[in-house]
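Below is input-v6.cif, holding mmCIF, C-alpha atoms.
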data_structure
#
loop_
_atom_site.label_atom_id
_atom_site.label_comp_id
_atom_site.auth_asym_id
_atom_site.auth_seq_id
_atom_site.Cartn_x
_atom_site.Cartn_y
_atom_site.Cartn_z
CA MET A 6 22.51 -104.78 10.46
CA ALA A 7 21.89 -101.88 12.87
CA ALA A 8 22.28 -102.17 16.60
CA THR A 9 19.10 -103.88 17.63
CA ALA A 10 18.35 -103.00 21.17
CA GLY A 11 14.80 -102.58 22.27
CA SER A 12 12.68 -101.96 25.29
CA ARG A 13 9.64 -104.18 25.52
CA THR A 14 8.25 -102.45 28.61
CA HIS A 15 5.09 -101.09 26.99
CA LYS A 16 3.57 -100.12 30.36
CA ILE A 17 6.38 -97.70 31.22
CA GLY A 18 6.43 -94.34 29.44
CA SER A 19 5.51 -94.00 25.78
CA VAL A 20 7.04 -95.35 22.58
CA PHE A 21 8.64 -91.99 21.94
CA SER A 22 10.26 -91.59 25.38
CA ARG A 23 11.75 -95.08 25.31
CA THR A 24 13.13 -94.77 21.75
CA ARG A 25 14.48 -91.27 22.37
CA ASN A 26 16.34 -92.43 25.48
CA LEU A 27 17.78 -95.50 23.74
CA VAL A 28 18.98 -93.34 20.82
CA ARG A 29 20.49 -90.77 23.18
CA VAL A 30 22.42 -93.49 24.99
CA GLY A 31 23.57 -94.92 21.67
CA LEU A 32 22.09 -98.40 21.90
CA LEU A 33 19.66 -97.89 19.02
CA GLU A 34 20.00 -96.30 15.58
CA LYS A 35 17.64 -93.41 15.01
CA PRO A 36 14.39 -94.65 13.43
CA PRO A 37 12.82 -92.46 10.68
CA TRP A 38 9.69 -91.58 12.67
CA LEU A 39 11.46 -90.08 15.71
CA ASP A 40 12.04 -86.67 14.14
CA VAL A 41 8.52 -86.60 12.77
CA TYR A 42 7.05 -87.33 16.20
CA ALA A 43 9.25 -84.65 17.79
CA ALA A 44 8.06 -82.10 15.22
CA PHE A 45 4.37 -83.09 15.30
CA PRO A 46 3.55 -84.69 18.66
CA PRO A 47 0.04 -86.05 19.29
CA LEU A 48 -2.43 -84.25 21.55
CA ARG A 49 -1.97 -86.85 24.29
CA GLU A 50 1.23 -88.78 24.99
CA PRO A 51 0.40 -92.49 24.50
CA VAL A 52 1.16 -93.68 28.02
CA PHE A 53 -0.37 -96.91 29.29
CA ARG A 54 -3.26 -96.52 31.74
CA VAL A 55 -4.99 -99.32 33.62
CA PRO A 56 -8.66 -99.37 32.61
CA ARG A 57 -10.36 -99.46 36.00
CA PRO A 58 -14.17 -99.29 36.06
CA ARG A 59 -15.88 -96.24 37.58
CA TYR A 60 -17.69 -96.77 40.86
CA ARG A 61 -20.72 -94.68 41.73
CA SER A 62 -19.71 -91.51 39.90
CA ARG A 63 -21.87 -89.22 37.79
CA ASP A 64 -22.03 -89.63 34.04
CA ARG A 65 -19.27 -87.46 32.53
CA VAL A 66 -20.90 -87.42 29.11
CA GLY A 67 -23.96 -85.16 28.96
CA ALA A 68 -27.16 -85.84 27.08
CA VAL A 69 -27.75 -84.13 23.72
CA LEU A 70 -31.18 -82.48 23.93
CA TYR A 71 -32.82 -79.70 21.93
CA ARG A 72 -35.81 -77.44 22.63
CA GLU A 73 -37.74 -79.15 19.81
CA ASP A 74 -37.48 -82.49 21.64
CA THR A 75 -40.57 -81.64 23.75
CA VAL A 76 -42.60 -81.17 20.56
CA ARG A 77 -41.11 -84.36 19.05
CA ALA A 78 -41.92 -86.41 22.15
CA ARG A 79 -45.52 -85.19 22.10
CA PHE A 80 -45.79 -85.89 18.35
CA TYR A 81 -44.62 -89.50 18.75
CA LYS A 82 -46.86 -90.05 21.76
CA VAL A 83 -49.98 -88.83 19.94
CA TYR A 84 -49.37 -89.92 16.34
CA GLY A 85 -47.05 -92.91 16.78
CA ASN A 86 -44.29 -93.42 14.22
CA GLY A 87 -45.74 -91.12 11.56
CA PRO A 88 -47.08 -92.02 8.13
CA LYS A 89 -43.83 -91.82 6.12
CA PRO A 90 -40.87 -94.15 6.82
CA PHE A 91 -37.39 -92.66 7.24
CA GLU A 92 -35.29 -92.69 4.06
CA LEU A 93 -31.78 -92.64 5.46
CA THR A 94 -30.10 -93.05 2.05
CA ARG A 95 -30.95 -89.43 1.20
CA LEU A 96 -28.82 -86.87 3.05
CA ASN A 97 -31.35 -84.00 3.05
CA PHE A 98 -34.31 -86.10 4.09
CA LYS A 99 -37.02 -84.39 6.18
CA SER A 100 -39.31 -86.69 8.11
CA THR A 101 -42.93 -85.98 8.99
CA CYS A 102 -41.91 -85.24 12.56
CA GLN A 103 -39.30 -82.71 11.41
CA ARG A 104 -41.86 -80.94 9.21
CA PHE A 105 -44.26 -80.90 12.15
CA VAL A 106 -41.61 -79.33 14.37
CA GLU A 107 -40.75 -76.69 11.78
CA LYS A 108 -44.43 -75.79 11.30
CA TYR A 109 -44.87 -75.62 15.06
CA ASN A 110 -41.95 -73.20 15.37
CA GLU A 111 -43.32 -71.09 12.51
CA LEU A 112 -46.74 -70.83 14.10
CA LYS A 113 -45.18 -70.11 17.49
CA GLU A 114 -43.12 -67.26 16.03
CA GLU A 115 -46.18 -65.75 14.39
CA GLY A 116 -47.72 -65.63 17.84
CA LYS A 117 -51.38 -65.46 16.80
CA ILE A 118 -52.33 -68.85 18.32
CA GLU A 119 -52.36 -69.69 22.02
CA GLU A 120 -49.88 -72.15 23.55
CA GLU A 121 -52.41 -74.90 24.31
CA LYS A 122 -53.93 -74.90 20.85
CA LEU A 123 -50.60 -74.71 18.99
CA PHE A 124 -50.24 -78.51 18.77
CA GLU A 125 -53.66 -79.07 17.23
CA GLU A 126 -53.25 -76.08 14.91
CA THR A 127 -49.98 -77.52 13.57
CA GLY A 128 -51.77 -80.82 12.89
CA LYS A 129 -54.48 -78.97 10.98
CA ALA A 130 -51.90 -76.94 9.05
CA LEU A 131 -50.06 -80.12 7.98
CA LEU A 132 -53.41 -81.65 6.94
CA ALA A 133 -53.99 -78.60 4.79
CA SER A 134 -50.62 -79.13 3.07
CA GLY A 135 -51.49 -82.75 2.35
CA ILE A 136 -49.94 -84.84 5.15
CA LEU A 137 -52.45 -87.14 6.81
CA LEU A 138 -51.72 -87.79 10.51
CA GLN A 139 -53.50 -90.66 12.22
CA ARG A 140 -53.84 -90.58 15.96
CA ARG A 141 -52.24 -93.57 17.63
CA GLY A 142 -54.95 -96.07 18.74
CA VAL A 143 -55.54 -96.48 22.48
CA ASP A 144 -54.73 -100.03 23.81
CA LYS A 145 -57.39 -102.52 22.65
CA VAL A 146 -57.89 -104.09 26.12
CA ALA A 147 -58.61 -100.71 27.70
CA GLN A 148 -61.01 -99.98 24.84
CA GLN A 149 -62.95 -103.18 25.44
CA GLY A 150 -63.02 -102.68 29.21
CA ALA A 151 -64.30 -99.14 28.84
CA GLY A 152 -66.95 -100.29 26.36
CA SER A 153 -68.34 -103.20 28.39
CA ARG A 154 -68.59 -101.31 31.69
CA ASP A 155 -72.00 -99.61 31.78
CA PRO A 156 -72.30 -96.49 33.89
CA ALA A 157 -75.40 -98.05 35.53
CA LEU A 158 -73.43 -101.18 36.53
CA GLN A 159 -70.95 -99.20 38.70
CA PRO A 160 -73.18 -98.64 41.81
CA GLN A 161 -74.50 -102.26 41.54
CA LEU A 162 -70.93 -103.62 41.59
CA GLN A 163 -70.13 -101.47 44.63
CA ALA A 164 -73.18 -102.81 46.52
CA VAL A 165 -72.11 -106.42 45.80
CA LEU A 166 -68.57 -105.64 47.04
CA GLU A 167 -69.89 -104.19 50.30
CA GLU A 168 -72.04 -107.28 50.95
CA LEU A 169 -69.02 -109.55 50.44
CA GLN A 170 -66.95 -107.47 52.86
CA GLU A 171 -69.71 -107.69 55.56
CA LYS A 172 -69.90 -111.46 55.14
CA ARG A 173 -66.15 -111.75 55.62
CA LYS A 174 -66.32 -109.69 58.80
CA ASP A 175 -69.12 -111.96 60.16
CA GLY A 176 -66.95 -114.96 59.38
CA GLU A 177 -64.07 -113.51 61.45
CA GLU A 178 -66.31 -112.84 64.47
CA GLN A 179 -67.03 -116.66 64.79
CA PRO A 180 -65.23 -118.38 67.73
CA PRO A 181 -61.74 -119.68 66.89
CA GLU A 182 -62.82 -123.33 67.59
CA LEU A 183 -64.66 -123.32 64.33
CA ALA A 184 -61.48 -122.11 62.62
CA GLY A 185 -59.69 -125.15 64.07
CA THR A 186 -62.39 -127.53 62.79
CA HIS A 187 -62.12 -125.84 59.41
CA LYS A 188 -58.44 -126.77 59.29
CA GLU A 189 -59.19 -130.46 59.93
CA HIS A 190 -61.14 -130.55 56.72
CA PRO A 191 -58.54 -130.10 54.00
CA CYS A 192 -60.84 -128.76 51.34
CA PRO A 193 -59.22 -127.02 48.40
CA SER A 194 -60.60 -123.47 48.36
CA ASP B 30 19.79 -85.99 1.67
CA ASP B 31 19.66 -84.30 5.06
CA LYS B 32 17.98 -81.27 3.54
CA LEU B 33 15.37 -83.52 1.91
CA LEU B 34 14.48 -84.94 5.31
CA THR B 35 14.56 -81.81 7.45
CA GLU B 36 12.82 -79.39 5.09
CA PRO B 37 9.32 -80.94 5.30
CA LEU B 38 9.40 -80.84 9.10
CA SER B 39 9.56 -77.07 9.17
CA HIS B 40 6.16 -76.66 7.42
CA PRO B 41 3.08 -77.25 9.62
CA ASP B 42 1.24 -78.97 6.76
CA PHE B 43 3.79 -79.86 4.10
CA PHE B 44 1.53 -82.37 2.34
CA SER B 45 -1.64 -80.17 2.61
CA VAL B 46 -3.46 -82.91 4.40
CA LYS B 47 -6.15 -80.53 5.67
CA GLU B 48 -7.69 -80.10 2.23
CA LEU B 49 -8.37 -83.82 1.88
CA PHE B 50 -11.41 -83.78 4.18
CA THR B 51 -13.97 -81.41 5.68
CA LEU B 52 -16.29 -81.67 8.66
CA LYS B 53 -19.23 -82.22 6.33
CA ASP B 54 -17.44 -85.18 4.71
CA LEU B 55 -16.95 -86.76 8.14
CA PHE B 56 -20.60 -86.16 9.05
CA ASP B 57 -21.93 -87.55 5.76
CA ALA B 58 -19.78 -90.66 6.19
CA ARG B 59 -21.39 -91.14 9.64
CA VAL B 60 -18.05 -90.94 11.47
CA HIS B 61 -19.72 -89.31 14.48
CA LEU B 62 -21.91 -92.32 15.36
CA GLY B 63 -20.66 -94.30 18.32
CA HIS B 64 -21.96 -97.32 20.16
CA LYS B 65 -24.54 -97.40 22.94
CA LYS B 66 -23.93 -95.94 26.40
CA GLY B 67 -23.33 -99.37 27.97
CA CYS B 68 -20.44 -100.15 25.57
CA ARG B 69 -18.60 -96.95 26.30
CA HIS B 70 -14.93 -97.24 27.25
CA ARG B 71 -13.87 -95.01 30.11
CA PHE B 72 -10.92 -93.48 28.24
CA MET B 73 -13.08 -92.46 25.27
CA GLU B 74 -15.16 -90.07 27.39
CA PRO B 75 -13.12 -86.95 26.53
CA TYR B 76 -13.68 -87.58 22.81
CA ILE B 77 -17.46 -87.97 23.04
CA PHE B 78 -19.66 -84.95 22.32
CA GLY B 79 -22.78 -86.27 24.04
CA CYS B 80 -25.28 -89.08 24.34
CA ARG B 81 -28.49 -88.93 22.28
CA LEU B 82 -31.12 -91.53 23.27
CA ASP B 83 -28.34 -93.72 24.77
CA GLN B 84 -26.19 -93.59 21.62
CA ASP B 85 -22.78 -91.87 21.91
CA ILE B 86 -22.00 -89.09 19.45
CA ILE B 87 -18.29 -88.50 18.83
CA ASP B 88 -17.04 -84.90 18.83
CA LEU B 89 -16.12 -84.24 15.21
CA ASP B 90 -14.10 -81.10 16.01
CA GLN B 91 -11.67 -83.23 18.00
CA THR B 92 -11.76 -85.91 15.31
CA MET B 93 -10.73 -83.31 12.72
CA GLN B 94 -7.66 -82.37 14.77
CA HIS B 95 -6.67 -85.97 15.46
CA LEU B 96 -7.22 -87.03 11.88
CA GLN B 97 -5.10 -84.17 10.59
CA LEU B 98 -2.23 -85.13 12.92
CA ALA B 99 -2.53 -88.82 12.03
CA LEU B 100 -2.57 -88.21 8.27
CA ASN B 101 0.32 -85.79 8.56
CA PHE B 102 2.36 -88.38 10.47
CA THR B 103 1.63 -91.14 7.92
CA ALA B 104 2.56 -88.78 5.10
CA HIS B 105 5.91 -87.97 6.68
CA VAL B 106 6.66 -91.63 7.40
CA ALA B 107 5.79 -92.55 3.80
CA TYR B 108 7.95 -89.64 2.55
CA ARG B 109 10.92 -91.10 4.45
CA GLY B 110 10.39 -94.50 2.87
CA GLY B 111 8.90 -96.18 5.91
CA ILE B 112 6.95 -99.44 5.74
CA ILE B 113 3.27 -99.03 6.63
CA LEU B 114 1.15 -101.98 7.70
CA PHE B 115 -2.65 -101.75 7.64
CA VAL B 116 -4.29 -103.94 10.27
CA THR B 117 -7.95 -104.72 10.78
CA ARG B 118 -9.81 -107.78 11.94
CA ARG B 119 -13.19 -106.76 10.44
CA ARG B 120 -14.06 -109.38 7.87
CA GLN B 121 -16.50 -106.96 6.26
CA PHE B 122 -13.66 -104.62 5.23
CA CYS B 123 -10.68 -106.94 4.87
CA HIS B 124 -10.85 -106.92 1.07
CA LEU B 125 -11.18 -103.12 0.95
CA VAL B 126 -8.18 -102.65 3.25
CA GLU B 127 -6.05 -105.12 1.28
CA SER B 128 -6.85 -103.40 -2.02
CA THR B 129 -6.10 -99.98 -0.43
CA ALA B 130 -2.70 -101.25 0.71
CA ARG B 131 -1.98 -102.67 -2.73
CA ALA B 132 -2.91 -99.33 -4.32
CA CYS B 133 -0.52 -97.44 -2.00
CA GLY B 134 2.31 -99.89 -2.47
CA GLU B 135 2.22 -100.73 1.24
CA TYR B 136 1.24 -103.79 3.23
CA ALA B 137 -1.85 -105.12 5.02
CA HIS B 138 -2.59 -107.84 7.54
CA THR B 139 -6.29 -108.61 7.86
CA ARG B 140 -6.15 -112.26 8.95
CA TYR B 141 -5.52 -114.01 12.24
CA TRP B 142 -2.57 -112.38 14.01
CA GLN B 143 -0.13 -115.07 15.10
CA GLY B 144 1.47 -114.56 18.48
CA GLY B 145 5.04 -113.69 17.58
CA LEU B 146 4.61 -111.82 14.30
CA LEU B 147 6.34 -108.67 15.58
CA THR B 148 7.87 -109.86 18.84
CA ASN B 149 9.32 -113.09 17.44
CA ALA B 150 9.94 -111.86 13.89
CA ARG B 151 13.62 -112.87 13.73
CA ILE B 152 12.70 -116.52 14.22
CA GLN B 153 9.45 -116.59 12.26
CA PHE B 154 10.65 -114.76 9.13
CA GLY B 155 14.47 -115.05 9.21
CA PRO B 156 17.39 -113.10 10.63
CA GLY B 157 17.42 -109.99 8.40
CA VAL B 158 13.74 -109.01 8.54
CA ARG B 159 12.71 -105.35 8.58
CA LEU B 160 9.73 -104.56 10.79
CA PRO B 161 7.09 -102.03 9.75
CA ASP B 162 7.73 -98.41 10.72
CA LEU B 163 4.04 -97.60 11.22
CA LEU B 164 0.92 -99.62 11.97
CA VAL B 165 -2.43 -98.25 10.81
CA PHE B 166 -5.50 -99.76 12.49
CA LEU B 167 -8.84 -99.40 10.72
CA SER B 168 -10.37 -101.13 13.74
CA THR B 169 -8.52 -101.61 17.03
CA LEU B 170 -10.69 -104.51 18.22
CA ASN B 171 -10.44 -108.13 17.15
CA ASN B 172 -13.27 -110.56 16.47
CA VAL B 173 -14.09 -111.05 20.18
CA PHE B 174 -14.26 -107.29 20.91
CA GLU B 175 -10.95 -107.23 22.78
CA PRO B 176 -8.02 -104.91 21.98
CA HIS B 177 -5.99 -106.24 19.04
CA VAL B 178 -2.74 -107.91 20.08
CA ALA B 179 -0.84 -105.83 17.53
CA ILE B 180 -1.36 -102.64 19.57
CA ARG B 181 0.48 -104.10 22.54
CA ASP B 182 3.11 -105.72 20.31
CA ALA B 183 3.79 -102.48 18.42
CA ALA B 184 4.21 -100.65 21.73
CA LYS B 185 6.63 -103.37 22.84
CA MET B 186 8.67 -103.15 19.62
CA ASN B 187 8.68 -99.31 19.76
CA ILE B 188 6.66 -98.95 16.56
CA PRO B 189 4.26 -95.96 16.41
CA THR B 190 0.60 -96.67 15.67
CA VAL B 191 -2.25 -94.75 14.07
CA GLY B 192 -5.71 -96.13 14.79
CA VAL B 193 -9.41 -95.42 14.40
CA VAL B 194 -10.86 -95.77 17.91
CA ASP B 195 -14.59 -96.23 18.39
CA THR B 196 -16.41 -95.54 21.68
CA ASN B 197 -15.79 -99.10 22.92
CA CYS B 198 -12.01 -99.08 22.27
CA ASN B 199 -9.01 -98.29 24.49
CA PRO B 200 -7.04 -95.37 22.96
CA CYS B 201 -4.22 -95.39 25.55
CA LEU B 202 -1.45 -97.21 23.73
CA ILE B 203 -2.17 -95.84 20.26
CA THR B 204 0.26 -93.07 19.33
CA TYR B 205 -2.13 -91.13 17.08
CA PRO B 206 -5.72 -92.18 17.87
CA VAL B 207 -8.52 -90.97 15.62
CA PRO B 208 -11.87 -91.09 17.48
CA GLY B 209 -14.48 -92.16 14.95
CA ASN B 210 -16.90 -94.82 13.78
CA ASP B 211 -15.24 -98.05 12.67
CA ASP B 212 -18.40 -100.02 11.90
CA SER B 213 -20.14 -98.20 9.02
CA PRO B 214 -18.95 -99.03 5.50
CA ALA B 215 -19.17 -95.35 4.55
CA ALA B 216 -16.80 -94.35 7.35
CA VAL B 217 -14.25 -97.09 6.64
CA GLU B 218 -14.29 -96.27 2.93
CA LEU B 219 -13.58 -92.65 3.81
CA TYR B 220 -10.61 -93.60 6.01
CA CYS B 221 -9.20 -95.91 3.34
CA LYS B 222 -9.56 -93.18 0.72
CA LEU B 223 -7.82 -90.61 2.97
CA PHE B 224 -4.91 -92.89 3.88
CA ARG B 225 -4.44 -93.96 0.28
CA MET B 226 -4.40 -90.35 -0.96
CA THR B 227 -1.92 -89.18 1.73
CA ILE B 228 0.52 -92.04 1.14
CA ILE B 229 0.43 -91.65 -2.64
CA ARG B 230 0.85 -87.89 -2.30
CA ALA B 231 3.81 -88.29 0.07
CA LYS B 232 5.56 -90.80 -2.19
CA ASP B 233 5.03 -88.60 -5.26
CA LYS B 234 6.49 -85.63 -3.42
CA ARG B 235 9.50 -87.69 -2.44
CA ARG B 236 10.13 -88.71 -6.04
CA GLN B 237 9.76 -85.09 -7.16
CA SER B 238 12.18 -83.79 -4.51
CA GLU B 239 14.75 -86.47 -5.35
CA ALA B 240 14.47 -85.63 -9.06
CA ILE B 241 14.99 -81.93 -8.30
CA GLU B 242 18.03 -82.71 -6.15
CA GLU B 243 19.53 -84.90 -8.88
CA LEU B 244 19.14 -82.12 -11.43
CA ARG B 245 21.22 -79.76 -9.27
#
Can you dump the structure from the file as structure tokens?
Amino acid sequence: MAATAGSRTHKIGSVFSRTRNLVRVGLLEKPPWLDVYAAFPPLREPVFRVPRPRYRSRDRVGAVLYREDTVRARFYKVYGNGPKPFELTRLNFKSTCQRFVEKYNELKEEGKIEEEKLFEETGKALLASGILLQRRGVDKVAQQGAGSRDPALQPQLQAVLEELQEKRKDGEEQPPELAGTHKEHPCPS
Amino acid sequence: DDKLLTEPLSHPDFFSVKELFTLKDLFDARVHLGHKKGCRHRFMEPYIFGCRLDQDIIDLDQTMQHLQLALNFTAHVAYRGGIILFVTRRRQFCHLVESTARACGEYAHTRYWQGGLLTNARIQFGPGVRLPDLLVFLSTLNNVFEPHVAIRDAAKMNIPTVGVVDTNCNPCLITYPVPGNDDSPAAVELYCKLFRMTIIRAKDKRRQSEAIEELR
């Protein structure tokens, strides 16, 4: 059996430095991996580091953003998730959004259409090639609210509000004694 | 015998490990997908390419370098007749890892790691036990998302380690970390395939070299 010395101090130095020193002193027989490590060292020496959390420092990892992301964001806002689901099993899959972005870039490079109309033109072009895009529905509550409110009702509502506000002001001008008597009557309001 | 051992060290890529994988293979196996921003470990930040919609993307150029070094090291250790132990605590892949180890002719430990397996081996297994010369981690975390005990134990017993580190892992104590996804089946199958091919290649080369030496 070989000389079995060891150094269990895993927080001091690396595996390589400890083994190399023990071998040099003669306490340990040379293990097979020592020469291999010496010939092909890793990119970072595996020294122990205490994992302390970061306090109030900026994010070191940047965001991955592309120029097409503005078009994609607008597409998802207007059309929702898109008609076709994502087939992630296929490696060369192109989603509706990706086709939209590519068409947008094509039309932009051609340069015949103005910037504002480019989005709608791309929608029309995709419709021509057979992809049906449905605009995302506006929230149902907002729809109902907008429908029930008549344009004629608006000034009437305002007049009612103003009357209520005047009544409240008259109520405040009453002497404070009345306010005291009001308190004596515990009426749930 | 000395010549057999020293000759492979002079070549930068004696076992032509670089041809086993390409960047496209890594991308198709979804090796670049990390966890969400909140799970990120501080020491993995240099290996991360960027954050897309809060999901970390691992830098595959760095992964290529690290993977090449790791495979080269395993190949050399296998060439010198070292014992390799595959360790993972992912129940999803335990069968795959065990069958990979069996195919290589090496060993695997994918069950609960008892406290003194490496540090108390003399008493648990007997006096003349030989410890593994290399530990390969297919996932450095255990079932409760804490660093596997074997990493610390291998560092204590002066055993080098090769490990796949995801964005929520601590790569400090691992000798040859490989930043990459350890959750997708495609990625783990790729790693198993690569390790199996390198070890088999290294052992075949050893047998060939020994045969040539005997003929002389």
Do you know which residues the PyMOL selection byres ((chain B) within 9 of (chain A)) returns on this file, as a PyMOL selection string?
chain B and resi 35+38-39+41+57+70-72+74-75+77-83+85-86+94-95+98-99+101-102+105-106+109-111+148+157+162-163+181-189+199-206
For CA of Gln143 (chain B) and CA of Gly18 (chain A), determine how far apart the two atoms are, in Å to one decimal place.
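Distance reported for this atom pair: 26.0 Å.
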Which residue out of A:Ser62, A:Ser134, A:Gln170, A:Gln159 has the minimum interatomic distance to Thr101 (chain A) when only C-alpha atoms are used?
A:Ser134
From the list B:Cys133, B:Val191, B:Ala58, B:Leu33, the nearest residue to Arg230 (chain B) using all atoms listed in the file is B:Cys133
Could you state which residues are captured by the PyMOL selection byres ((chain B and resi 122) around 12) in this file, as an MDAnalysis selection string?
chainID B and resid 115:121 123:129 137:140 166:168 211:218 220:221
For CA of Asp195 (chain B) and CA of Gly209 (chain B), the interatomic separation in Å (one decimal)
5.3 Å
One-decimal distance in Å that lies between CA of Met73 (chain B) and CA of Leu147 (chain B):
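For CA of Leu147 (chain B) relative to CA of Met73 (chain B), the distance reads 27.1 Å.
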So, counting all atoms listed in the file, which residue among B:Leu96, B:Val60, B:Leu160, B:Leu89 is closest to Thr9 (chain A)?
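Under the stated criterion, the closest residue is B:Leu160.
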Output as an mmCIF file, in the frame of the given file: region 52-67 of chain B, completed with N, CA, C and O atoms.
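What follows is the written file selection.cif:
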data_model
loop_
_atom_site.group_PDB
_atom_site.id
_atom_site.type_symbol
_atom_site.label_atom_id
_atom_site.label_comp_id
_atom_site.auth_asym_id
_atom_site.auth_seq_id
_atom_site.Cartn_x
_atom_site.Cartn_y
_atom_site.Cartn_z
ATOM 1 N N LEU B 52 -15.403 -81.180 7.607
ATOM 2 C CA LEU B 52 -16.290 -81.670 8.660
ATOM 3 C C LEU B 52 -17.533 -82.296 8.062
ATOM 4 O O LEU B 52 -18.053 -83.307 8.533
ATOM 5 N N LYS B 53 -18.027 -81.695 6.968
ATOM 6 C CA LYS B 53 -19.230 -82.220 6.330
ATOM 7 C C LYS B 53 -18.969 -83.620 5.774
ATOM 8 O O LYS B 53 -19.842 -84.481 5.846
ATOM 9 N N ASP B 54 -17.758 -83.842 5.225
ATOM 10 C CA ASP B 54 -17.440 -85.180 4.710
ATOM 11 C C ASP B 54 -17.501 -86.205 5.839
ATOM 12 O O ASP B 54 -18.038 -87.306 5.660
ATOM 13 N N LEU B 55 -16.937 -85.840 7.000
ATOM 14 C CA LEU B 55 -16.950 -86.760 8.140
ATOM 15 C C LEU B 55 -18.384 -87.035 8.577
ATOM 16 O O LEU B 55 -18.757 -88.168 8.870
ATOM 17 N N PHE B 56 -19.222 -85.980 8.598
ATOM 18 C CA PHE B 56 -20.600 -86.160 9.050
ATOM 19 C C PHE B 56 -21.377 -87.026 8.064
ATOM 20 O O PHE B 56 -22.128 -87.911 8.462
ATOM 21 N N ASP B 57 -21.187 -86.775 6.753
ATOM 22 C CA ASP B 57 -21.930 -87.550 5.760
ATOM 23 C C ASP B 57 -21.513 -89.010 5.763
ATOM 24 O O ASP B 57 -22.311 -89.887 5.443
ATOM 25 N N ALA B 58 -20.244 -89.274 6.113
ATOM 26 C CA ALA B 58 -19.780 -90.660 6.190
ATOM 27 C C ALA B 58 -20.126 -91.309 7.516
ATOM 28 O O ALA B 58 -19.685 -92.422 7.799
ATOM 29 N N ARG B 59 -20.905 -90.598 8.377
ATOM 30 C CA ARG B 59 -21.390 -91.140 9.640
ATOM 31 C C ARG B 59 -20.252 -91.525 10.595
ATOM 32 O O ARG B 59 -20.323 -92.529 11.292
ATOM 33 N N VAL B 60 -19.211 -90.691 10.600
ATOM 34 C CA VAL B 60 -18.050 -90.940 11.470
ATOM 35 C C VAL B 60 -18.396 -90.616 12.921
ATOM 36 O O VAL B 60 -17.756 -91.113 13.845
ATOM 37 N N HIS B 61 -19.438 -89.775 13.141
ATOM 38 C CA HIS B 61 -19.720 -89.310 14.480
ATOM 39 C C HIS B 61 -20.564 -90.309 15.277
ATOM 40 O O HIS B 61 -20.802 -90.102 16.462
ATOM 41 N N LEU B 62 -21.026 -91.400 14.653
ATOM 42 C CA LEU B 62 -21.910 -92.320 15.360
ATOM 43 C C LEU B 62 -21.108 -93.323 16.164
ATOM 44 O O LEU B 62 -20.275 -94.044 15.626
ATOM 45 N N GLY B 63 -21.362 -93.357 17.470
ATOM 46 C CA GLY B 63 -20.660 -94.300 18.320
ATOM 47 C C GLY B 63 -21.589 -95.441 18.712
ATOM 48 O O GLY B 63 -22.682 -95.585 18.176
ATOM 49 N N HIS B 64 -21.142 -96.212 19.676
ATOM 50 C CA HIS B 64 -21.960 -97.320 20.160
ATOM 51 C C HIS B 64 -22.889 -96.838 21.261
ATOM 52 O O HIS B 64 -22.964 -95.656 21.554
ATOM 53 N N LYS B 65 -23.600 -97.779 21.891
ATOM 54 C CA LYS B 65 -24.540 -97.400 22.940
ATOM 55 C C LYS B 65 -23.804 -97.054 24.227
ATOM 56 O O LYS B 65 -22.629 -97.379 24.392
ATOM 57 N N LYS B 66 -24.549 -96.431 25.157
ATOM 58 C CA LYS B 66 -23.930 -95.940 26.400
ATOM 59 C C LYS B 66 -23.267 -97.065 27.190
ATOM 60 O O LYS B 66 -22.226 -96.878 27.791
ATOM 61 N N GLY B 67 -23.863 -98.263 27.171
ATOM 62 C CA GLY B 67 -23.330 -99.370 27.970
ATOM 63 C C GLY B 67 -21.984 -99.867 27.472
ATOM 64 O O GLY B 67 -21.197 -100.395 28.237
#
